[in-house]
$ cat entry_6.cif   # mmCIF, C-alpha atoms
data_run
#
loop_
_atom_site.label_atom_id
_atom_site.label_comp_id
_atom_site.auth_asym_id
_atom_site.auth_seq_id
_atom_site.Cartn_x
_atom_site.Cartn_y
_atom_site.Cartn_z
CA MET V 15 -10.07 19.11 -21.43
CA ALA V 16 -11.10 15.88 -23.23
CA THR V 17 -9.92 16.02 -26.82
CA LYS V 18 -11.14 13.99 -29.74
CA ILE V 19 -9.74 13.34 -33.17
CA ARG V 20 -12.73 13.46 -35.49
CA LEU V 21 -14.03 14.33 -38.92
CA GLN V 22 -15.67 17.61 -39.87
CA ARG V 23 -18.12 17.46 -42.78
CA HIS V 24 -17.49 19.85 -45.65
CA GLY V 25 -18.60 19.88 -49.27
CA ARG V 26 -21.99 19.77 -50.91
CA LYS V 27 -24.85 17.34 -50.54
CA GLY V 28 -23.89 13.91 -51.84
CA TYR V 29 -20.23 14.90 -52.31
CA ALA V 30 -18.72 15.40 -48.87
CA PHE V 31 -15.08 15.49 -47.85
CA TYR V 32 -13.85 15.54 -44.30
CA PRO V 33 -11.04 17.47 -42.63
CA ILE V 34 -9.51 15.48 -39.77
CA VAL V 35 -9.36 17.77 -36.73
CA ILE V 36 -8.46 17.77 -33.06
CA ALA V 37 -11.37 19.24 -31.11
CA ASP V 38 -12.71 19.55 -27.60
CA SER V 39 -15.25 16.76 -27.12
CA ARG V 40 -17.90 19.33 -26.12
CA ALA V 41 -17.53 21.35 -29.36
CA PRO V 42 -20.06 20.79 -32.18
CA ARG V 43 -19.12 18.49 -35.08
CA ASP V 44 -18.41 21.27 -37.60
CA GLY V 45 -17.60 23.90 -34.99
CA ARG V 46 -14.54 25.03 -33.15
CA PHE V 47 -11.40 22.90 -33.32
CA ILE V 48 -7.87 23.03 -31.94
CA GLU V 49 -5.85 21.84 -34.93
CA ARG V 50 -6.41 20.40 -38.40
CA ILE V 51 -4.13 17.42 -39.02
CA GLY V 52 -5.36 16.14 -42.38
CA SER V 53 -8.27 15.39 -44.67
CA TYR V 54 -10.25 12.39 -45.89
CA ASN V 55 -11.98 12.29 -49.28
CA PRO V 56 -14.13 9.17 -49.77
CA ASN V 57 -15.28 10.31 -53.23
CA THR V 58 -12.18 9.03 -54.99
CA ASN V 59 -11.39 5.39 -55.65
CA PRO V 60 -9.53 4.46 -53.48
CA ALA V 61 -10.36 7.10 -50.86
CA THR V 62 -7.75 9.86 -50.56
CA VAL V 63 -6.22 10.52 -47.15
CA SER V 64 -3.70 13.26 -46.43
CA LEU V 65 -2.42 13.24 -42.88
CA ASN V 66 0.27 15.05 -40.91
CA PHE V 67 1.73 11.86 -39.44
CA GLU V 68 3.85 13.51 -36.73
CA ARG V 69 1.01 15.68 -35.38
CA ALA V 70 -1.44 12.77 -35.45
CA LEU V 71 1.06 10.64 -33.55
CA TYR V 72 1.63 13.45 -31.04
CA TRP V 73 -2.10 13.83 -30.36
CA VAL V 74 -2.69 10.08 -30.07
CA GLU V 75 0.19 9.78 -27.61
CA THR V 76 -1.11 12.82 -25.71
CA GLY V 77 -4.40 11.01 -25.15
CA ALA V 78 -6.80 12.39 -27.77
CA GLN V 79 -9.51 9.80 -28.46
CA PRO V 80 -10.16 9.09 -32.16
CA THR V 81 -13.68 8.35 -33.36
CA ASP V 82 -14.30 4.97 -35.02
CA THR V 83 -13.77 6.22 -38.58
CA VAL V 84 -10.70 8.24 -37.65
CA ARG V 85 -9.33 5.23 -35.74
CA SER V 86 -9.53 3.13 -38.91
CA ILE V 87 -7.89 5.93 -40.93
CA LEU V 88 -5.07 6.26 -38.38
CA SER V 89 -4.63 2.50 -38.34
CA HIS V 90 -4.52 2.40 -42.14
CA GLU V 91 -1.86 5.13 -42.16
CA GLY V 92 0.21 3.40 -39.45
CA VAL V 93 -0.16 5.97 -36.67
CA LEU V 94 -1.51 3.44 -34.18
CA LEU V 95 1.23 0.94 -35.07
CA MET V 96 3.89 3.57 -34.46
CA LYS V 97 2.28 4.40 -31.08
CA HIS V 98 2.40 0.72 -30.22
CA LEU V 99 6.05 0.44 -31.29
CA ARG V 100 7.02 3.54 -29.30
CA GLY V 101 5.34 1.98 -26.27
CA GLY V 102 7.60 -1.05 -26.73
CA VAL V 103 10.64 1.23 -26.89
CA LYS V 104 9.60 2.98 -23.65
CA LYS V 105 9.24 -0.41 -21.94
CA GLY V 106 12.66 -1.46 -23.21
CA ALA V 107 11.43 -4.37 -25.34
CA PHE V 108 13.48 -3.16 -28.30
CA THR V 109 15.42 -0.15 -29.53
CA GLU V 110 14.24 2.90 -31.44
CA GLU V 111 16.07 1.66 -34.56
CA GLU V 112 14.33 -1.72 -34.34
CA ALA V 113 10.97 0.03 -33.99
CA GLN V 114 11.69 2.19 -37.05
CA ARG V 115 12.83 -0.88 -39.02
CA ARG V 116 9.62 -2.73 -38.15
CA PHE V 117 7.51 0.27 -39.07
CA ASP V 118 9.34 0.73 -42.40
CA ALA V 119 8.86 -2.95 -43.23
CA TRP V 120 5.14 -2.71 -42.45
CA LYS V 121 4.83 0.50 -44.49
CA ALA V 122 6.56 -1.06 -47.52
CA GLN V 123 4.33 -4.14 -47.35
CA HIS V 124 1.24 -1.96 -46.86
CA ASP V 125 2.13 0.30 -49.81
CA LYS V 126 2.69 -2.78 -51.98
CA SER V 127 -0.75 -4.15 -51.11
CA VAL V 128 -2.38 -0.76 -51.81
CA GLU V 129 -0.64 -0.57 -55.20
CA ALA V 130 -1.76 -4.14 -55.97
CA GLY V 131 -5.34 -3.15 -55.13
CA ILE V 132 -5.13 -0.10 -57.40
CA ALA V 133 -3.66 -2.22 -60.21
CA LYS V 134 -6.40 -4.81 -59.72
CA ASN V 135 -9.08 -2.11 -59.92
CA ALA V 136 -7.48 -0.69 -63.08
CA ALA V 137 -7.29 -4.15 -64.68
CA LYS V 138 -10.93 -4.84 -63.81
CA LYS V 139 -11.96 -1.49 -65.26
CA ALA V 140 -10.01 -2.19 -68.47
CA GLU V 141 -11.59 -5.66 -68.70
CA ASP V 142 -15.07 -4.19 -68.18
CA ASN V 143 -14.41 -1.58 -70.89
CA LYS V 144 -13.20 -4.30 -73.26
CA ALA V 145 -16.28 -6.44 -72.57
CA ARG V 146 -18.55 -3.42 -73.05
CA LEU V 147 -16.82 -2.60 -76.35
CA GLU V 148 -17.18 -6.20 -77.58
CA ALA V 149 -20.86 -6.19 -76.64
CA GLU V 150 -21.33 -2.91 -78.47
CA VAL V 151 -19.54 -4.26 -81.56
CA GLU V 152 -21.80 -7.34 -81.52
CA LYS V 153 -24.88 -5.18 -81.11
CA ASN V 154 -23.77 -2.90 -83.97
CA LYS V 155 -23.04 -5.93 -86.17
CA ALA V 156 -26.52 -7.36 -85.48
CA LYS V 157 -28.06 -3.97 -86.18
CA ALA V 158 -26.09 -3.64 -89.44
CA GLU V 159 -27.23 -7.12 -90.51
CA ALA V 160 -30.85 -6.22 -89.73
CA VAL V 161 -30.55 -2.98 -91.72
CA ALA V 162 -28.88 -4.81 -94.64
CA LYS V 163 -31.62 -7.47 -94.60
CA LYS V 164 -34.30 -4.79 -94.55
CA LYS V 165 -32.61 -2.94 -97.45
CA ALA V 166 -32.29 -6.21 -99.39
CA GLU V 167 -35.99 -6.93 -98.84
CA LYS V 168 -36.86 -3.39 -99.94
CA ILE V 169 -34.70 -3.71 -103.08
CA ALA V 170 -36.18 -7.13 -103.80
CA ALA V 171 -39.70 -5.71 -103.38
CA GLU V 172 -38.84 -2.79 -105.68
CA GLU V 173 -37.38 -5.18 -108.26
CA ALA V 174 -40.45 -7.42 -108.02
CA ALA V 175 -42.71 -4.39 -108.42
CA ALA V 176 -40.68 -3.17 -111.39
CA LYS V 177 -40.76 -6.66 -112.94
CA ALA V 178 -44.52 -6.88 -112.35
CA ALA V 179 -44.95 -3.43 -113.90
CA LEU V 180 -42.90 -4.49 -116.94
CA GLU V 181 -44.91 -7.69 -117.28
CA ALA V 182 -48.12 -5.68 -116.93
CA GLU V 183 -46.94 -3.26 -119.61
CA ALA V 184 -45.92 -6.17 -121.83
CA ALA V 185 -49.29 -7.83 -121.27
CA GLU V 186 -51.06 -4.55 -122.04
CA ALA V 187 -48.99 -4.04 -125.14
CA GLN V 188 -49.81 -7.59 -126.26
CA GLU V 189 -53.49 -6.99 -125.64
CA GLU V 190 -53.39 -3.74 -127.62
CA THR V 191 -51.50 -5.17 -130.57
CA PRO V 192 -54.03 -7.91 -131.43
CA ALA V 193 -56.86 -5.41 -131.20
CA ALA V 194 -55.14 -3.15 -133.70
CA GLU V 195 -54.93 -5.90 -136.29
#
$ encode --input "entry_6.cif" --output "structure tokens"
Amino acid sequence: MATKIRLQRHGRKGYAFYPIVIADSRAPRDGRFIERIGSYNPNTNPATVSLNFERALYWVETGAQPTDTVRSILSHEGVLLMKHLRGGVKKGAFTEEEAQRRFDAWKAQHDKSVEAGIAKNAAKKAEDNKARLEAEVEKNKAKAEAVAKKKAEKIAAEEAAAKAALEAEAAEAQEETPAAE
């Protein structure tokens, strides 16, 4: 029986997540499977992967063929590296302890780079939020100045109208007073 390690599609339209399963190559994509070894959620940033490392390693060593996407996930998680290192141990190139030391060193370096990427994304997001806030403050300041200018013009127009009305009343009163004499 030819087995494959592949993704099953679950979730709603536009928001899928994928269980990672071991299935017979003849079974449909979302159909019957032998074992579920993890899940992959590309909707988060960075994508969330939960994987049963030991079972994935067992199936890869047994001969199950991963699909392209699953191969990259397994590589990212270190399953393929561990298979490679175990192959070196079987050939006698180095000991099991040396293989574990190499894998642990790779995993520490890999985790550090992932954390750096997450920190970089968080810093970029904070910088974008700060720039957006500054732009909004500038926009609000310009809007407040425009409103203040408009209010000042309105007040000036009202004062000019009131002054003109007073002058008109004064002129009328002056015209009426000479006629009364």
$ residues_around --input "entry_6.cif" --residues "Val35 in chain V" --least-positions-apart "6" --cutoff "10 Å" --atoms "all atoms listed in the file" --output "MDAnalysis selection string"
chainID V and resid 18:22 43:44 46:53 70 80 84
$ residues_around --input "entry_6.cif" --residues "Ser86 in chain V" --least-positions-apart "3" --cutoff "12 Å" --atoms "all atoms listed in the file" --output "PyMOL selection string"
chain V and resi 19-20+54+63+80-83+89-95
$ residues_around --input "entry_6.cif" --residues "Ile132 in chain V" --least-positions-apart "6" --cutoff "10 Å" --atoms "only C-alpha atoms" --output "number ranges by chain"
V: 59-60, 126, 138
$ residues_around --input "entry_6.cif" --residues "range 109-124 of chain V" --least-positions-apart "3" --cutoff "9 Å" --atoms "all atoms listed in the file" --output "JSON, numbers by chain"
{"V": [90, 91, 92, 95, 96, 99, 100, 102, 103, 104, 106, 127, 128, 129]}
$ atom_distance --input "entry_6.cif" --atom1 "CA of Ala78 in chain V" --atom2 "CA of Ala16 in chain V"
7.2 Å
$ atom_distance --input "entry_6.cif" --atom1 "CA of Phe67 in chain V" --atom2 "CA of Leu88 in chain V"
8.9 Å
$ atom_distance --input "entry_6.cif" --atom1 "CA of Lys27 in chain V" --atom2 "CA of Gly45 in chain V"
18.4 Å
$ closest_residue --input "entry_6.cif" --among "V:Ala37, V:Ala166, V:Ala133, V:Ala30" --to "Asn55 in chain V" --atoms "all atoms listed in the file"
V:Ala30
$ residues_around --input "entry_6.cif" --residues "Asn57 in chain V" --least-positions-apart "4" --cutoff "10 Å" --atoms "all atoms listed in the file" --output "tab-separated table (two decimals) with C-alpha atoms, keeping the file's coordinate frame"
chain	number	residue	atom	x	y	z
V	28	GLY	CA	-23.89	13.91	-51.84
V	29	TYR	CA	-20.23	14.90	-52.31
V	30	ALA	CA	-18.72	15.40	-48.87
V	31	PHE	CA	-15.08	15.49	-47.85
V	61	ALA	CA	-10.36	7.10	-50.86
V	62	THR	CA	-7.75	9.86	-50.56
$ build_atoms --input "entry_6.cif" --residues "range 161-177 of chain V" --atoms "N, CA, C and O atoms" --output "mmCIF file, keeping the file's coordinate frame"
data_model
loop_
_atom_site.group_PDB
_atom_site.id
_atom_site.type_symbol
_atom_site.label_atom_id
_atom_site.label_comp_id
_atom_site.auth_asym_id
_atom_site.auth_seq_id
_atom_site.Cartn_x
_atom_site.Cartn_y
_atom_site.Cartn_z
ATOM 1 N N VAL V 161 -30.355 -4.067 -90.756
ATOM 2 C CA VAL V 161 -30.550 -2.980 -91.720
ATOM 3 C C VAL V 161 -30.272 -3.481 -93.135
ATOM 4 O O VAL V 161 -31.022 -3.176 -94.077
ATOM 5 N N ALA V 162 -29.196 -4.271 -93.316
ATOM 6 C CA ALA V 162 -28.880 -4.810 -94.640
ATOM 7 C C ALA V 162 -29.990 -5.738 -95.128
ATOM 8 O O ALA V 162 -30.370 -5.705 -96.308
ATOM 9 N N LYS V 163 -30.527 -6.562 -94.237
ATOM 10 C CA LYS V 163 -31.620 -7.470 -94.600
ATOM 11 C C LYS V 163 -32.853 -6.675 -95.010
ATOM 12 O O LYS V 163 -33.504 -6.986 -96.021
ATOM 13 N N LYS V 164 -33.141 -5.620 -94.242
ATOM 14 C CA LYS V 164 -34.300 -4.790 -94.550
ATOM 15 C C LYS V 164 -34.113 -4.093 -95.904
ATOM 16 O O LYS V 164 -35.049 -4.022 -96.710
ATOM 17 N N LYS V 165 -32.886 -3.584 -96.165
ATOM 18 C CA LYS V 165 -32.610 -2.940 -97.450
ATOM 19 C C LYS V 165 -32.720 -3.950 -98.582
ATOM 20 O O LYS V 165 -33.251 -3.638 -99.657
ATOM 21 N N ALA V 166 -32.213 -5.171 -98.354
ATOM 22 C CA ALA V 166 -32.290 -6.210 -99.390
ATOM 23 C C ALA V 166 -33.747 -6.551 -99.682
ATOM 24 O O ALA V 166 -34.130 -6.715 -100.853
ATOM 25 N N GLU V 167 -34.563 -6.655 -98.638
ATOM 26 C CA GLU V 167 -35.990 -6.930 -98.840
ATOM 27 C C GLU V 167 -36.652 -5.795 -99.606
ATOM 28 O O GLU V 167 -37.470 -6.021 -100.499
ATOM 29 N N LYS V 168 -36.286 -4.553 -99.272
ATOM 30 C CA LYS V 168 -36.860 -3.390 -99.940
ATOM 31 C C LYS V 168 -36.457 -3.382 -101.416
ATOM 32 O O LYS V 168 -37.296 -3.150 -102.302
ATOM 33 N N ILE V 169 -35.192 -3.663 -101.690
ATOM 34 C CA ILE V 169 -34.700 -3.710 -103.080
ATOM 35 C C ILE V 169 -35.386 -4.840 -103.829
ATOM 36 O O ILE V 169 -35.805 -4.672 -104.984
ATOM 37 N N ALA V 170 -35.512 -5.995 -103.164
ATOM 38 C CA ALA V 170 -36.180 -7.130 -103.800
ATOM 39 C C ALA V 170 -37.639 -6.790 -104.089
ATOM 40 O O ALA V 170 -38.173 -7.127 -105.170
ATOM 41 N N ALA V 171 -38.301 -6.106 -103.167
ATOM 42 C CA ALA V 171 -39.700 -5.710 -103.380
ATOM 43 C C ALA V 171 -39.797 -4.717 -104.527
ATOM 44 O O ALA V 171 -40.708 -4.802 -105.363
ATOM 45 N N GLU V 172 -38.848 -3.766 -104.586
ATOM 46 C CA GLU V 172 -38.840 -2.790 -105.680
ATOM 47 C C GLU V 172 -38.594 -3.486 -107.015
ATOM 48 O O GLU V 172 -39.242 -3.168 -108.025
ATOM 49 N N GLU V 173 -37.661 -4.444 -107.025
ATOM 50 C CA GLU V 173 -37.380 -5.180 -108.260
ATOM 51 C C GLU V 173 -38.590 -6.007 -108.680
ATOM 52 O O GLU V 173 -38.941 -6.060 -109.868
ATOM 53 N N ALA V 174 -39.255 -6.631 -107.716
ATOM 54 C CA ALA V 174 -40.450 -7.420 -108.020
ATOM 55 C C ALA V 174 -41.558 -6.515 -108.551
ATOM 56 O O ALA V 174 -42.262 -6.866 -109.521
ATOM 57 N N ALA V 175 -41.698 -5.331 -107.956
ATOM 58 C CA ALA V 175 -42.710 -4.390 -108.420
ATOM 59 C C ALA V 175 -42.380 -3.902 -109.810
ATOM 60 O O ALA V 175 -43.270 -3.784 -110.678
ATOM 61 N N ALA V 176 -41.097 -3.623 -110.062
ATOM 62 C CA ALA V 176 -40.680 -3.170 -111.390
ATOM 63 C C ALA V 176 -40.899 -4.280 -112.415
ATOM 64 O O ALA V 176 -41.373 -4.039 -113.533
ATOM 65 N N LYS V 177 -40.561 -5.518 -112.040
ATOM 66 C CA LYS V 177 -40.760 -6.660 -112.940
ATOM 67 C C LYS V 177 -42.250 -6.859 -113.227
ATOM 68 O O LYS V 177 -42.645 -7.094 -114.366
#
